[in-house]
Structures are given as structure tokens and as C-alpha cells.
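Note: the block below is input-v1.txt and it holds compact mmCIF, C-alpha atoms.
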# COMPACT_ATOMS: atom_id res chain seq x y z
CA MET A 522 53.30 -17.31 -35.96
CA LEU A 523 50.19 -16.52 -33.95
CA ASP A 524 50.30 -16.57 -30.16
CA CYS A 525 46.76 -17.85 -30.16
CA ALA A 526 44.23 -18.85 -32.79
CA ILE A 527 40.59 -18.73 -31.71
CA ILE A 528 38.15 -20.68 -33.82
CA GLY A 529 34.60 -19.36 -33.61
CA GLY A 530 33.19 -15.89 -33.01
CA GLY A 531 30.33 -16.41 -30.58
CA PRO A 532 30.30 -15.39 -26.89
CA ALA A 533 33.02 -17.93 -26.00
CA GLY A 534 35.38 -16.99 -28.84
CA LEU A 535 34.93 -13.26 -28.31
CA SER A 536 35.49 -13.50 -24.54
CA ALA A 537 38.56 -15.67 -25.09
CA GLY A 538 39.87 -13.03 -27.48
CA LEU A 539 39.17 -10.24 -25.02
CA TYR A 540 41.00 -11.96 -22.16
CA ALA A 541 43.91 -13.24 -24.28
CA THR A 542 44.66 -9.84 -25.82
CA ARG A 543 43.99 -7.70 -22.79
CA GLY A 544 46.10 -10.13 -20.74
CA GLY A 545 49.10 -9.58 -22.95
CA LEU A 546 49.15 -11.96 -25.94
CA LYS A 547 50.14 -10.09 -29.07
CA ASP A 548 49.09 -11.98 -32.16
CA VAL A 549 45.62 -13.31 -31.51
CA VAL A 550 43.30 -14.03 -34.43
CA MET A 551 39.67 -15.07 -34.19
CA TYR A 552 38.41 -17.03 -37.19
CA GLU A 553 34.73 -16.57 -37.93
CA PHE A 554 33.48 -16.77 -41.51
CA GLY A 555 31.08 -13.85 -41.24
CA LEU A 556 30.12 -11.21 -38.73
CA PRO A 557 30.82 -12.35 -35.11
CA GLY A 558 28.06 -12.91 -32.54
CA GLY A 559 27.22 -16.59 -32.67
CA GLN A 560 24.07 -18.61 -32.45
CA ILE A 561 22.50 -16.37 -29.79
CA THR A 562 22.10 -13.58 -32.38
CA GLN A 563 19.23 -15.64 -33.81
CA SER A 564 17.36 -15.59 -30.49
CA SER A 565 14.49 -13.17 -30.33
CA GLU A 566 14.97 -12.59 -26.62
CA ILE A 567 17.46 -13.08 -23.80
CA GLU A 568 16.43 -12.44 -20.21
CA ASN A 569 19.19 -14.16 -18.27
CA TYR A 570 22.41 -12.42 -19.18
CA PRO A 571 23.20 -10.77 -15.82
CA GLY A 572 23.23 -7.01 -15.82
CA VAL A 573 21.55 -6.66 -19.19
CA PHE A 574 17.80 -6.46 -18.83
CA ARG A 575 14.85 -4.89 -20.54
CA GLU A 576 11.37 -5.98 -19.62
CA ASP A 577 9.25 -5.20 -22.64
CA PRO A 578 10.26 -6.12 -25.23
CA PRO A 579 13.09 -8.26 -23.88
CA ILE A 580 16.51 -7.52 -25.34
CA SER A 581 17.31 -9.67 -28.41
CA GLY A 582 20.36 -11.87 -28.84
CA ALA A 583 21.61 -9.65 -31.66
CA GLU A 584 21.32 -6.54 -29.47
CA LEU A 585 23.22 -8.24 -26.65
CA MET A 586 26.12 -9.24 -28.90
CA GLU A 587 26.39 -6.05 -30.93
CA PRO A 588 29.04 -4.27 -28.79
CA TRP A 589 31.21 -7.34 -28.10
CA PRO A 590 33.46 -7.37 -31.20
CA LYS A 591 34.37 -3.69 -30.84
CA GLN A 592 35.47 -4.20 -27.24
CA CYS A 593 37.70 -7.12 -28.27
CA MET A 594 39.23 -5.31 -31.24
CA HIS A 595 40.05 -2.41 -28.94
CA PHE A 596 42.50 -4.65 -27.07
CA GLY A 597 44.04 -6.03 -30.24
CA LEU A 598 41.99 -9.05 -31.27
CA LYS A 599 42.03 -9.55 -35.03
CA HIS A 600 39.11 -11.07 -36.92
CA GLU A 601 39.68 -13.12 -40.08
CA MET A 602 36.60 -13.92 -42.15
CA GLU A 603 37.72 -17.41 -42.99
CA GLU A 604 36.29 -20.81 -42.31
CA VAL A 605 38.82 -23.05 -40.58
CA LYS A 606 38.90 -26.51 -42.16
CA ARG A 607 40.83 -28.29 -39.43
CA VAL A 608 43.51 -27.99 -36.76
CA GLU A 609 46.49 -30.25 -36.30
CA ARG A 610 49.35 -30.53 -33.89
CA ASP A 611 52.79 -30.30 -35.47
CA GLY A 612 55.62 -30.74 -32.96
CA ASP A 613 55.30 -27.96 -30.38
CA ILE A 614 52.89 -25.86 -32.43
CA PHE A 615 49.56 -26.05 -34.20
CA LYS A 616 48.68 -25.75 -37.86
CA ILE A 617 45.41 -24.11 -38.81
CA TYR A 618 44.17 -25.24 -42.21
CA LEU A 619 42.20 -22.61 -44.13
CA PRO A 620 40.49 -22.70 -47.55
CA ASN A 621 42.70 -22.72 -50.69
CA GLU A 622 45.49 -24.75 -49.03
CA LYS A 623 46.43 -21.85 -46.77
CA VAL A 624 48.08 -22.87 -43.48
CA VAL A 625 48.67 -20.62 -40.45
CA LYS A 626 50.86 -21.59 -37.49
CA ALA A 627 49.88 -20.91 -33.89
CA LYS A 628 51.37 -21.50 -30.46
CA SER A 629 47.99 -22.19 -28.86
CA VAL A 630 44.43 -22.78 -30.05
CA ILE A 631 41.05 -22.13 -28.45
CA VAL A 632 38.18 -23.98 -30.07
CA ALA A 633 34.87 -22.16 -29.57
CA THR A 634 32.90 -23.46 -32.52
CA GLY A 635 29.67 -23.87 -30.58
CA SER A 636 26.72 -25.91 -31.72
CA THR A 637 24.05 -25.89 -34.42
CA PRO A 638 20.34 -26.72 -34.24
CA LYS A 639 19.57 -30.42 -34.41
CA ARG A 640 17.19 -31.96 -36.93
CA ALA A 641 14.12 -33.65 -35.48
CA GLY A 642 14.21 -36.41 -38.08
CA PHE A 643 10.67 -36.35 -39.51
CA LYS A 644 9.82 -37.05 -43.13
CA GLY A 645 10.21 -33.98 -45.36
CA GLU A 646 12.39 -32.06 -42.89
CA GLU A 647 15.49 -31.89 -45.12
CA GLU A 648 13.50 -31.54 -48.32
CA PHE A 649 11.61 -28.48 -47.07
CA LEU A 650 14.36 -26.86 -45.01
CA GLY A 651 14.24 -23.16 -45.88
CA ARG A 652 10.97 -23.66 -47.75
CA GLY A 653 8.64 -23.96 -44.77
CA VAL A 654 10.82 -25.79 -42.29
CA SER A 655 12.89 -23.32 -40.26
CA THR A 656 15.22 -23.24 -37.27
CA CYS A 657 15.22 -19.43 -36.92
CA ALA A 658 12.06 -17.60 -35.92
CA THR A 659 13.64 -14.14 -36.04
CA CYS A 660 14.81 -14.85 -39.62
CA ASP A 661 11.71 -16.42 -41.07
CA GLY A 662 8.77 -15.49 -38.83
CA PHE A 663 8.00 -12.48 -40.97
CA PHE A 664 7.10 -14.72 -43.93
CA TYR A 665 4.26 -16.21 -41.87
CA LYS A 666 2.62 -12.96 -40.85
CA ASN A 667 -1.05 -13.60 -39.98
CA LYS A 668 -0.65 -17.27 -40.89
CA GLU A 669 -0.69 -20.38 -38.70
CA VAL A 670 2.55 -22.17 -37.84
CA VAL A 671 3.77 -25.16 -35.86
CA VAL A 672 6.62 -24.97 -33.34
CA LEU A 673 8.27 -28.25 -32.33
CA GLY A 674 10.10 -28.60 -29.00
CA GLY A 675 9.70 -28.12 -25.26
CA GLY A 676 12.82 -26.32 -24.06
CA ASP A 677 13.65 -22.66 -23.50
CA THR A 678 14.37 -21.91 -27.14
CA ALA A 679 11.17 -23.55 -28.40
CA LEU A 680 8.99 -21.65 -25.95
CA GLU A 681 10.72 -18.29 -26.39
CA GLU A 682 10.44 -18.54 -30.15
CA ALA A 683 6.80 -19.71 -29.91
CA LEU A 684 6.08 -16.51 -27.97
CA TYR A 685 7.90 -14.43 -30.55
CA LEU A 686 5.97 -16.07 -33.39
CA SER A 687 2.64 -15.68 -31.56
CA ASN A 688 3.05 -11.90 -31.95
CA ILE A 689 3.44 -12.19 -35.73
CA CYS A 690 1.38 -15.23 -36.68
CA SER A 691 -2.36 -15.70 -36.28
CA LYS A 692 -1.84 -18.93 -34.38
CA VAL A 693 1.00 -21.10 -33.07
CA TYR A 694 0.61 -24.83 -32.46
CA LEU A 695 3.27 -25.87 -29.94
CA VAL A 696 4.04 -29.56 -30.39
CA HIS A 697 6.01 -31.34 -27.67
CA ARG A 698 6.71 -35.02 -27.16
CA ARG A 699 6.17 -34.93 -23.37
CA ASP A 700 3.35 -33.55 -21.24
CA GLN A 701 5.62 -31.07 -19.48
CA PHE A 702 8.06 -28.41 -20.63
CA ARG A 703 11.74 -28.15 -19.69
CA ALA A 704 11.81 -24.36 -20.08
CA ALA A 705 12.21 -21.76 -17.31
CA PRO A 706 8.99 -21.28 -15.27
CA PRO A 707 8.45 -17.59 -16.22
CA THR A 708 8.62 -18.52 -19.91
CA ILE A 709 6.19 -21.43 -19.48
CA GLU A 710 3.79 -19.09 -17.67
CA ARG A 711 3.85 -16.58 -20.52
CA VAL A 712 3.19 -19.33 -23.06
CA LEU A 713 0.21 -20.67 -21.10
CA LYS A 714 -1.28 -17.17 -20.89
CA LYS A 715 -1.03 -16.56 -24.62
CA ASP A 716 -4.41 -16.95 -26.33
CA ASN A 717 -3.13 -17.87 -29.75
CA ILE A 718 -0.70 -20.60 -28.68
CA GLU A 719 -2.33 -24.02 -28.70
CA LEU A 720 -0.49 -26.86 -26.99
CA ILE A 721 -0.35 -30.29 -28.60
CA LEU A 722 1.39 -32.45 -25.99
CA ASN A 723 2.61 -36.06 -26.04
CA ALA A 724 2.94 -35.61 -29.75
CA THR A 725 5.56 -35.77 -32.50
CA ILE A 726 5.70 -34.67 -36.10
CA LYS A 727 5.37 -37.59 -38.46
CA GLU A 728 5.64 -35.78 -41.73
CA VAL A 729 5.74 -32.40 -43.43
CA TYR A 730 4.26 -32.26 -46.91
CA GLY A 731 3.98 -29.68 -49.64
CA SER A 732 4.70 -28.74 -53.23
CA ASN A 733 7.35 -26.91 -55.26
CA MET A 734 6.41 -23.71 -53.47
CA GLY A 735 7.08 -25.17 -50.03
CA VAL A 736 5.31 -26.66 -47.02
CA GLU A 737 1.52 -26.96 -47.10
CA GLY A 738 0.87 -29.05 -44.03
CA VAL A 739 2.05 -31.20 -41.14
CA ILE A 740 0.94 -34.59 -39.91
CA ILE A 741 1.23 -34.87 -36.14
CA GLU A 742 1.02 -38.09 -34.20
CA GLN A 743 -0.43 -37.77 -30.71
CA LYS A 744 -0.11 -40.57 -28.17
CA GLY A 745 -3.43 -42.37 -27.74
CA LYS A 746 -5.25 -39.96 -30.05
CA GLY A 747 -3.92 -40.74 -33.49
CA GLU A 748 -2.99 -38.43 -36.31
CA ILE A 749 -3.73 -34.73 -36.72
CA ASP A 750 -3.39 -33.10 -40.14
CA LEU A 751 -2.70 -29.37 -39.82
CA LYS A 752 -2.76 -27.25 -42.97
CA VAL A 753 0.00 -24.80 -42.04
CA PRO A 754 2.73 -23.32 -44.28
CA GLY A 755 5.46 -23.15 -41.62
CA VAL A 756 7.15 -25.47 -39.12
CA PHE A 757 9.79 -24.21 -36.70
CA VAL A 758 12.05 -26.87 -35.18
CA PHE A 759 13.80 -26.29 -31.83
CA VAL A 760 14.82 -29.70 -30.52
CA GLY A 761 18.29 -29.05 -29.16
CA THR A 762 21.71 -28.76 -30.74
CA ILE A 763 24.70 -30.77 -31.89
CA VAL A 764 28.29 -29.67 -31.32
CA ASN A 765 30.46 -28.37 -34.15
CA ASN A 766 33.61 -30.46 -33.71
CA LYS A 767 34.58 -30.87 -37.36
CA VAL A 768 37.73 -28.72 -37.07
CA LEU A 769 39.16 -31.19 -34.55
CA LYS A 770 38.86 -34.15 -36.92
CA ARG A 771 41.91 -35.47 -38.73
CA GLU A 772 41.58 -36.46 -42.36
CA ASP A 773 41.10 -40.09 -41.28
CA GLY A 774 38.12 -39.07 -39.12
CA SER A 775 39.80 -39.49 -35.72
CA PHE A 776 39.90 -36.59 -33.27
CA ILE A 777 43.08 -34.74 -32.26
CA CYS A 778 41.86 -34.62 -28.64
CA ASP A 779 39.49 -36.62 -26.43
CA VAL A 780 35.76 -36.21 -27.04
CA ASN A 781 32.83 -38.04 -25.44
CA GLU A 782 30.27 -40.28 -27.14
CA ARG A 783 28.28 -37.22 -28.23
CA GLY A 784 31.34 -35.61 -29.80
CA GLU A 785 31.64 -32.98 -27.07
CA VAL A 786 35.23 -31.97 -26.28
CA ILE A 787 36.46 -33.20 -22.90
CA VAL A 788 38.05 -30.40 -20.86
CA ASP A 789 39.11 -29.81 -17.27
CA LEU A 790 38.08 -26.80 -15.17
CA LYS A 791 40.72 -24.72 -16.96
CA MET A 792 39.23 -25.58 -20.36
CA ARG A 793 42.31 -27.66 -21.20
CA THR A 794 41.71 -30.53 -23.61
CA SER A 795 43.74 -33.74 -23.64
CA LEU A 796 46.13 -32.04 -26.08
CA PRO A 797 48.42 -29.46 -24.39
CA GLY A 798 47.98 -25.99 -25.82
CA LEU A 799 44.50 -26.78 -27.17
CA PHE A 800 41.57 -25.36 -25.22
CA ALA A 801 37.81 -25.66 -25.77
CA ALA A 802 35.18 -23.18 -24.57
CA GLY A 803 31.42 -22.77 -24.78
CA ASP A 804 28.83 -25.11 -26.27
CA VAL A 805 31.44 -27.37 -27.88
CA ARG A 806 32.71 -28.73 -24.54
CA VAL A 807 31.30 -31.45 -22.28
CA ASP A 808 28.63 -30.50 -19.75
CA ALA A 809 28.06 -27.11 -21.39
CA ALA A 810 25.06 -25.32 -19.94
CA LYS A 811 24.54 -23.74 -23.38
CA GLN A 812 24.05 -20.28 -21.95
CA VAL A 813 25.70 -17.07 -23.14
CA VAL A 814 27.00 -16.24 -19.67
CA CYS A 815 28.61 -19.69 -19.33
CA ALA A 816 30.17 -19.55 -22.79
CA ALA A 817 31.58 -16.13 -21.96
CA GLY A 818 32.95 -17.49 -18.66
CA ASP A 819 34.57 -20.43 -20.47
CA GLY A 820 36.11 -18.06 -22.97
CA ALA A 821 37.62 -15.95 -20.21
CA VAL A 822 39.15 -19.01 -18.53
CA ALA A 823 40.49 -20.38 -21.84
CA GLY A 824 41.94 -16.97 -22.74
CA MET A 825 43.81 -16.72 -19.45
CA GLU A 826 45.03 -20.31 -19.67
CA ALA A 827 46.28 -19.75 -23.22
CA ILE A 828 48.38 -16.86 -21.89
CA ASN A 829 49.87 -19.13 -19.20
CA TYR A 830 50.56 -21.87 -21.71
CA VAL A 831 52.32 -19.58 -24.19
CA ARG A 832 54.45 -17.98 -21.42
CA GLU A 833 55.48 -21.35 -20.03
CA HIS A 834 56.33 -23.00 -23.31
CA PHE A 835 57.61 -20.25 -25.57
CA GLU A 836 59.21 -17.59 -23.37
CA MET B 1035 35.32 0.37 -55.70
CA GLY B 1036 32.63 -2.16 -56.49
CA LYS B 1037 29.39 -2.11 -54.58
CA TYR B 1038 26.52 -4.55 -54.65
CA ILE B 1039 23.44 -3.73 -56.70
CA GLU B 1040 20.26 -3.01 -54.77
CA LEU B 1041 17.44 -4.71 -56.65
CA THR B 1042 13.84 -3.52 -56.80
CA LYS B 1043 10.98 -4.73 -58.93
CA GLU B 1044 11.84 -1.97 -61.40
CA ASN B 1045 15.40 -3.11 -62.13
CA PHE B 1046 15.26 -6.81 -61.24
CA ASP B 1047 14.65 -8.41 -64.66
CA GLU B 1048 16.89 -5.95 -66.46
CA THR B 1049 19.79 -6.64 -64.08
CA ILE B 1050 19.74 -10.42 -64.04
CA LYS B 1051 18.93 -11.05 -67.70
CA GLU B 1052 22.56 -11.07 -68.85
CA GLY B 1053 25.63 -12.75 -67.38
CA VAL B 1054 26.04 -14.21 -63.90
CA ALA B 1055 24.03 -12.61 -61.09
CA VAL B 1056 24.01 -13.47 -57.39
CA VAL B 1057 20.95 -12.28 -55.47
CA ASP B 1058 20.96 -12.21 -51.67
CA PHE B 1059 17.45 -12.00 -50.16
CA TRP B 1060 17.82 -10.39 -46.75
CA ALA B 1061 16.19 -8.14 -44.15
CA PRO B 1062 17.63 -5.77 -41.55
CA TRP B 1063 16.24 -7.80 -38.61
CA CYS B 1064 17.76 -11.13 -39.68
CA ALA B 1065 20.97 -11.98 -37.80
CA PRO B 1066 22.38 -14.55 -40.25
CA CYS B 1067 21.76 -12.00 -43.03
CA ARG B 1068 23.84 -9.46 -41.16
CA MET B 1069 26.46 -12.15 -40.63
CA ILE B 1070 27.03 -12.57 -44.37
CA ALA B 1071 26.69 -8.85 -45.21
CA PRO B 1072 30.48 -8.23 -45.07
CA ILE B 1073 31.00 -11.26 -47.34
CA ILE B 1074 28.58 -9.81 -49.92
CA ASP B 1075 30.46 -6.50 -49.78
CA GLU B 1076 33.77 -8.23 -50.46
CA LEU B 1077 32.32 -10.31 -53.29
CA ALA B 1078 30.94 -7.17 -54.93
CA GLU B 1079 34.45 -5.78 -54.98
CA GLU B 1080 36.20 -8.94 -56.13
CA TYR B 1081 33.77 -9.74 -58.92
CA GLU B 1082 33.32 -6.21 -60.22
CA GLY B 1083 32.84 -6.40 -63.99
CA LYS B 1084 32.60 -10.20 -63.88
CA ALA B 1085 29.45 -11.07 -61.97
CA LYS B 1086 26.62 -8.94 -60.61
CA ILE B 1087 26.39 -9.16 -56.83
CA CYS B 1088 22.90 -8.04 -55.80
CA LYS B 1089 20.70 -7.75 -52.73
CA VAL B 1090 16.93 -7.71 -52.29
CA ASN B 1091 15.56 -6.25 -49.07
CA THR B 1092 12.53 -8.49 -48.53
CA ASP B 1093 10.93 -5.89 -46.25
CA GLU B 1094 10.85 -3.33 -49.04
CA GLU B 1095 10.39 -5.68 -52.00
CA PRO B 1096 7.99 -8.39 -50.82
CA GLU B 1097 6.76 -9.02 -54.38
CA ILE B 1098 10.14 -10.33 -55.52
CA ALA B 1099 10.38 -12.57 -52.46
CA VAL B 1100 6.92 -13.97 -53.15
CA GLN B 1101 7.72 -14.46 -56.85
CA PHE B 1102 10.62 -16.76 -55.95
CA GLY B 1103 8.83 -18.44 -53.04
CA ILE B 1104 11.32 -17.15 -50.48
CA ARG B 1105 10.36 -18.43 -47.02
CA SER B 1106 13.67 -18.25 -45.27
CA ILE B 1107 16.42 -15.68 -45.25
CA PRO B 1108 19.14 -15.39 -46.14
CA THR B 1109 18.36 -17.21 -49.40
CA ILE B 1110 20.84 -16.67 -52.20
CA LEU B 1111 19.78 -17.26 -55.80
CA PHE B 1112 22.29 -17.66 -58.63
CA PHE B 1113 21.22 -16.65 -62.13
CA LYS B 1114 22.90 -17.13 -65.50
CA ASP B 1115 21.48 -15.11 -68.39
CA GLY B 1116 18.23 -14.65 -66.52
CA GLU B 1117 17.77 -18.29 -65.64
CA LEU B 1118 17.77 -19.52 -62.04
CA VAL B 1119 20.55 -22.14 -61.93
CA ASP B 1120 21.50 -22.58 -58.27
CA GLN B 1121 20.41 -21.58 -54.79
CA MET B 1122 21.63 -21.58 -51.24
CA ILE B 1123 19.65 -21.25 -48.02
CA GLY B 1124 21.26 -19.95 -44.84
CA ALA B 1125 24.59 -18.30 -44.06
CA ALA B 1126 27.79 -19.75 -45.48
CA GLY B 1127 31.46 -18.84 -45.80
CA LYS B 1128 32.90 -16.76 -48.63
CA GLU B 1129 34.57 -19.77 -50.26
CA VAL B 1130 31.19 -21.42 -50.77
CA PHE B 1131 29.95 -18.36 -52.65
CA LYS B 1132 33.12 -18.08 -54.72
CA GLU B 1133 33.01 -21.71 -55.73
CA LYS B 1134 29.47 -21.37 -57.03
CA ILE B 1135 30.14 -18.09 -58.84
CA ASP B 1136 33.38 -19.35 -60.38
CA ARG B 1137 31.62 -22.46 -61.65
CA LEU B 1138 29.01 -20.30 -63.37
CA LEU B 1139 31.63 -17.97 -64.83
CA GLY B 1140 33.78 -20.94 -65.92

Could you rewrite the structure in this file as C-alpha cells?
Amino acid sequence: MLDCAIIGGGPAGLSAGLYATRGGLKDVVMYEFGLPGGQITQSSEIENYPGVFREDPPISGAELMEPWPKQCMHFGLKHEMEEVKRVERDGDIFKIYLPNEKVVKAKSVIVATGSTPKRAGFKGEEEFLGRGVSTCATCDGFFYKNKEVVVLGGGDTALEEALYLSNICSKVYLVHRRDQFRAAPPTIERVLKKDNIELILNATIKEVYGSNMGVEGVIIEQKGKGEIDLKVPGVFVFVGTIVNNKVLKREDGSFICDVNERGEVIVDLKMRTSLPGLFAAGDVRVDAAKQVVCAAGDGAVAGMEAINYVREHFE
Amino acid sequence: MGKYIELTKENFDETIKEGVAVVDFWAPWCAPCRMIAPIIDELAEEYEGKAKICKVNTDEEPEIAVQFGIRSIPTILFFKDGELVDQMIGAAGKEVFKEKIDRLLG
């Protein structure tokens, strides 16, 4: 039986693993279906992880996360490349359900499954996902070299990725539904200074259209000005995230612990959920700041609390 | 030990024309591509002699990417006897790959 099962291999899961193993738990497994690192590895730049800074070009999310797994493994964290289906409480312990009917038992569980990019909901978005509609500029920007693209969103991610794309693409149209951005002031300043980023404010995407070969254009609706038809092959969508809480759902659809109306896991300051022995850390919890440093902090707290829980209940 | 097949425009058609072939379009700078890289390695081992597990580096082989209209990576194409029969866009767990390959081998 595992002392602790960690579900998710982003900054929260890795930090939880580091603290749990280094703090003395023996059998700690982190479940992440591929290489660890999390959503941040898709970010082209990160300027606000304290102590890690490079001015030009800014350090990428992938670069930041690269050394983390090795540090965790050094203290005994094990990584299993499996996708956890769900978690259930069984008496004093937990059961982790894996593919092919495999079940692993654990004394404690830390859920650090994070979040995934949200869909904006315009016509053609699903149909053309991966064929012109993208949620990852570092993955797909290259395919739009010297072409024009649209970026949708007004937060940090949207603006950072618009800047990244502006260095590859001939022009970036930044479409935002308000007249002001929510991003950090230095990022906004850089966007405003960039010659080949054109702002289309108070506007939403109505439709993306195209053919078998992918997107050919976008119809934008601007408040008070009507429709704009842009003939661009690429649309990048950065309109926030939704939490990945699927592993906490029972087969009947109910949750094994308390979640709020947005599906975010309710925790206290020690990352304890309503179910003893189950902890949540990072983007999946309520009031998450959705920052790497915060996810890492959550993971550390959850890791230490898992140690306390296992010592109190099993030793 | 099985290893994946690195496809170029020279060996592409020849490799996929017979049997089941899985082709992962990737690039070194793409994080989700790196995420599934260990899965591709394991599949190459497990399906040795049964299915061809291949990779196309889109940086080095842009013609193949253009030919299949690749606009997002990772994109994984599944071929049976040279015919494109299934595709997957974005990173996914190993079970998802295995299910698709097993269905084609079935």
C-alpha cells in the first residue's frame, strides 16, 4: 500500500512529492500520464517565478520545469505514467482506479490535477481545434510563420502568447471583449509597443470558418461597429481555464469531497478537503491564484500535511 | 529492443504502405510533444513486429506536415495499409494510443 498517491505532475504535484518524500514518507507515487511539468510547460515565458529570471528572452515554462522531476526522484518520489480514472474512499484507505481495471491502495491522496484551457464557445471552435484553432502558441505558432493570426483573450496568458506570436507571425490581431486588459502592467506595455499587434477591443469572435484543410478566416463582432471578416489561417484562444476534477467523481457523478459551484475543490489553509486524508493543491482548489509559485506552495503544504495524516492514523 | 522509426520524405510512403503505422508529428520545442515522447518510446517496444511506431520531426520535414495539413502538434495519424484511418490531436495517455492501435490490428 502506498503512503501517498499524488495525482498530477505539474508544479503542485511535484512539490507535494518533494516534500512528502524528503519529509519521510516511503512509498509515494506521482501519477502523470506523460512527462511531468504541467500546463506551464506550454507557456512561452515566465517572469514571475521568484529567483528565476532572464530578461531577454524570458525563461520559458518548459525551461523552468525541466529540473523539477529529477530533484523529486532524488528523494524517492516514483513516477507512474498512468492516467488515474478515479479515487474512492474505502474504509480507512483510498483506492486509486487505473486503466485496465487496475486498483492501487493508498493511505493518503493529494489531488493536483490542475486545469485545462477553456473553450470560448464560438461557432467552428470544436470543429477546427488543431486545424487552425489552437490553445498553445509555443506548439503551433511555428505553423503560422509570416502569416496573420488572431489571439482571443485579455489576461496574462493571452498577452504573453500574443507577444510570442508577434515575433513569428507577420501580424497578430488581439481580440478582447472589454476595453481594458487584466494582464500585468509590464506585459500590457510591451503589447502596446509592438508594431505588429493590432488591438480589436470590445469585440468577440462570432465564427471561425474554413475548409478540409483548416481555418481560412474569422468573423469578429465589435460592439457598435458590426462585423469584421479577417482572412487569417490561425486563431489562438486564451480565455481562462476549467479545473480537472474528474478523478474525484464517483460513477454516479457525485463528488467524493466538497467542491464549489465551479467544480473547484474546497480546502482549508492546510489543503485538507472535506474528506480526511484527501488533499488538493494547485489550480484544482478554490481561490487558486493559478500561478506556478502558488501551486508549488500548495504542494509543499499538502505534502507536509499528508505526512502528519499518515503518522497520526497509521503509526 | 524496439525503437520508433524516424520518417523522412524518402522513407515515408514505403514505411506506411503496409500494415498498421502510427505517425507522431512533433518538434523539439513543443512541450506536449515532449510529454508524450516517453509514451511513444514504450509503444515502439511493445508493438515491435506488430505495428510501426513512427515520428516526423516537423522542423526537419515540413513537406510531410504540409501534405497532411498539420497545423497543431502533437498530431498523431494512424494508417492501415497506407490509408489514413484515424487521427488524434494533442497529448493523451498511453491507453488511448493502445486502444486505437489494437482496434486497427484487431

Contacts of Asp1115 (chain B) within 10 Å, only C-alpha atoms, excl. fewer than 4 positions in-chain, as a compact mmCIF listing (two decimals) with C-alpha atoms, in the frame of the given file:
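Saved to around03.txt:
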# COMPACT_ATOMS: atom_id res chain seq x y z
CA THR B 1049 19.79 -6.64 -64.08
CA ILE B 1050 19.74 -10.42 -64.04
CA LYS B 1051 18.93 -11.05 -67.70
CA GLU B 1052 22.56 -11.07 -68.85
CA GLY B 1053 25.63 -12.75 -67.38
CA VAL B 1054 26.04 -14.21 -63.90
CA ALA B 1055 24.03 -12.61 -61.09
CA VAL B 1119 20.55 -22.14 -61.93

Residues of chain B within 8 Å of chain A, only C-alpha atoms counted, as a ChimeraX atom specification: /B:1063-1066,1068-1073,1103-1108,1123-1124,1126-1129

Resulting file, chosen residues, C-alpha atoms, as a CSV table (one decimal), in the frame of the given file:
chain,number,residue,atom,x,y,z
B,1063,TRP,CA,16.2,-7.8,-38.6
B,1064,CYS,CA,17.8,-11.1,-39.7
B,1065,ALA,CA,21.0,-12.0,-37.8
B,1066,PRO,CA,22.4,-14.6,-40.2
B,1068,ARG,CA,23.8,-9.5,-41.2
B,1069,MET,CA,26.5,-12.2,-40.6
B,1070,ILE,CA,27.0,-12.6,-44.4
B,1071,ALA,CA,26.7,-8.8,-45.2
B,1072,PRO,CA,30.5,-8.2,-45.1
B,1073,ILE,CA,31.0,-11.3,-47.3
B,1103,GLY,CA,8.8,-18.4,-53.0
B,1104,ILE,CA,11.3,-17.2,-50.5
B,1105,ARG,CA,10.4,-18.4,-47.0
B,1106,SER,CA,13.7,-18.2,-45.3
B,1107,ILE,CA,16.4,-15.7,-45.2
B,1108,PRO,CA,19.1,-15.4,-46.1
B,1123,ILE,CA,19.6,-21.2,-48.0
B,1124,GLY,CA,21.3,-20.0,-44.8
B,1126,ALA,CA,27.8,-19.8,-45.5
B,1127,GLY,CA,31.5,-18.8,-45.8
B,1128,LYS,CA,32.9,-16.8,-48.6
B,1129,GLU,CA,34.6,-19.8,-50.3

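Take CA of Val632 (chain A) and CA of Lys1132 (chain B): the distance between them is 25.8 Å.
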
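CA of Pro532 (chain A) is positioned 23.1 Å from CA of Pro797 (chain A).
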
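The interatomic distance for the pair CA of Ser732 (chain A) and CA of Tyr694 (chain A) works out to 21.5 Å.
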
Neighbours of point (5.3, -35.4, -26.6) within 10 Å, using all atoms listed in the file, written as a ChimeraX atom specification: /A:673-675,696-702,721-726,742-744

Pull C-alpha atoms from the residues just selected and write them as an mmCIF file, in the frame of the given file.
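The resulting result-v8.cif:
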data_model
loop_
_atom_site.group_PDB
_atom_site.id
_atom_site.type_symbol
_atom_site.label_atom_id
_atom_site.label_comp_id
_atom_site.auth_asym_id
_atom_site.auth_seq_id
_atom_site.Cartn_x
_atom_site.Cartn_y
_atom_site.Cartn_z
ATOM 1 C CA LEU A 673 8.270 -28.250 -32.330
ATOM 2 C CA GLY A 674 10.100 -28.600 -29.000
ATOM 3 C CA GLY A 675 9.700 -28.120 -25.260
ATOM 4 C CA VAL A 696 4.040 -29.560 -30.390
ATOM 5 C CA HIS A 697 6.010 -31.340 -27.670
ATOM 6 C CA ARG A 698 6.710 -35.020 -27.160
ATOM 7 C CA ARG A 699 6.170 -34.930 -23.370
ATOM 8 C CA ASP A 700 3.350 -33.550 -21.240
ATOM 9 C CA GLN A 701 5.620 -31.070 -19.480
ATOM 10 C CA PHE A 702 8.060 -28.410 -20.630
ATOM 11 C CA ILE A 721 -0.350 -30.290 -28.600
ATOM 12 C CA LEU A 722 1.390 -32.450 -25.990
ATOM 13 C CA ASN A 723 2.610 -36.060 -26.040
ATOM 14 C CA ALA A 724 2.940 -35.610 -29.750
ATOM 15 C CA THR A 725 5.560 -35.770 -32.500
ATOM 16 C CA ILE A 726 5.700 -34.670 -36.100
ATOM 17 C CA GLU A 742 1.020 -38.090 -34.200
ATOM 18 C CA GLN A 743 -0.430 -37.770 -30.710
ATOM 19 C CA LYS A 744 -0.110 -40.570 -28.170
#

Non-local contacts of region 1082-1088 of chain B (12 Å; all atoms listed in the file; under 3 positions in same chain excluded) as a ChimeraX atom specification: /B:1035-1042,1045-1046,1048-1060,1071,1073-1079,1091,1110-1116,1131-1132,1134-1140

Sel. within 9 Å of pt (11.5, -8.4, -55.6), counting all atoms listed in the file, output as a PyMOL selection string: chain B and resi 1041-1044+1046+1059+1090-1092+1094-1102

Box time for region 707-723 of chain A: axis-aligned, enclosing all its listed atoms, 4 Å extra on each side; report centre and edge lengths in Å to one decimal, as AutoDock Vina command-line options.
--center_x 2.1 --center_y -26.3 --center_z -23.0 --size_x 21.0 --size_y 27.5 --size_z 21.5

Shortest interatomic distance to Thr1109 (chain B) - which of B:Pro1062, B:Cys1067, B:Glu1080, B:Asp1047, counting only C-alpha atoms: B:Cys1067
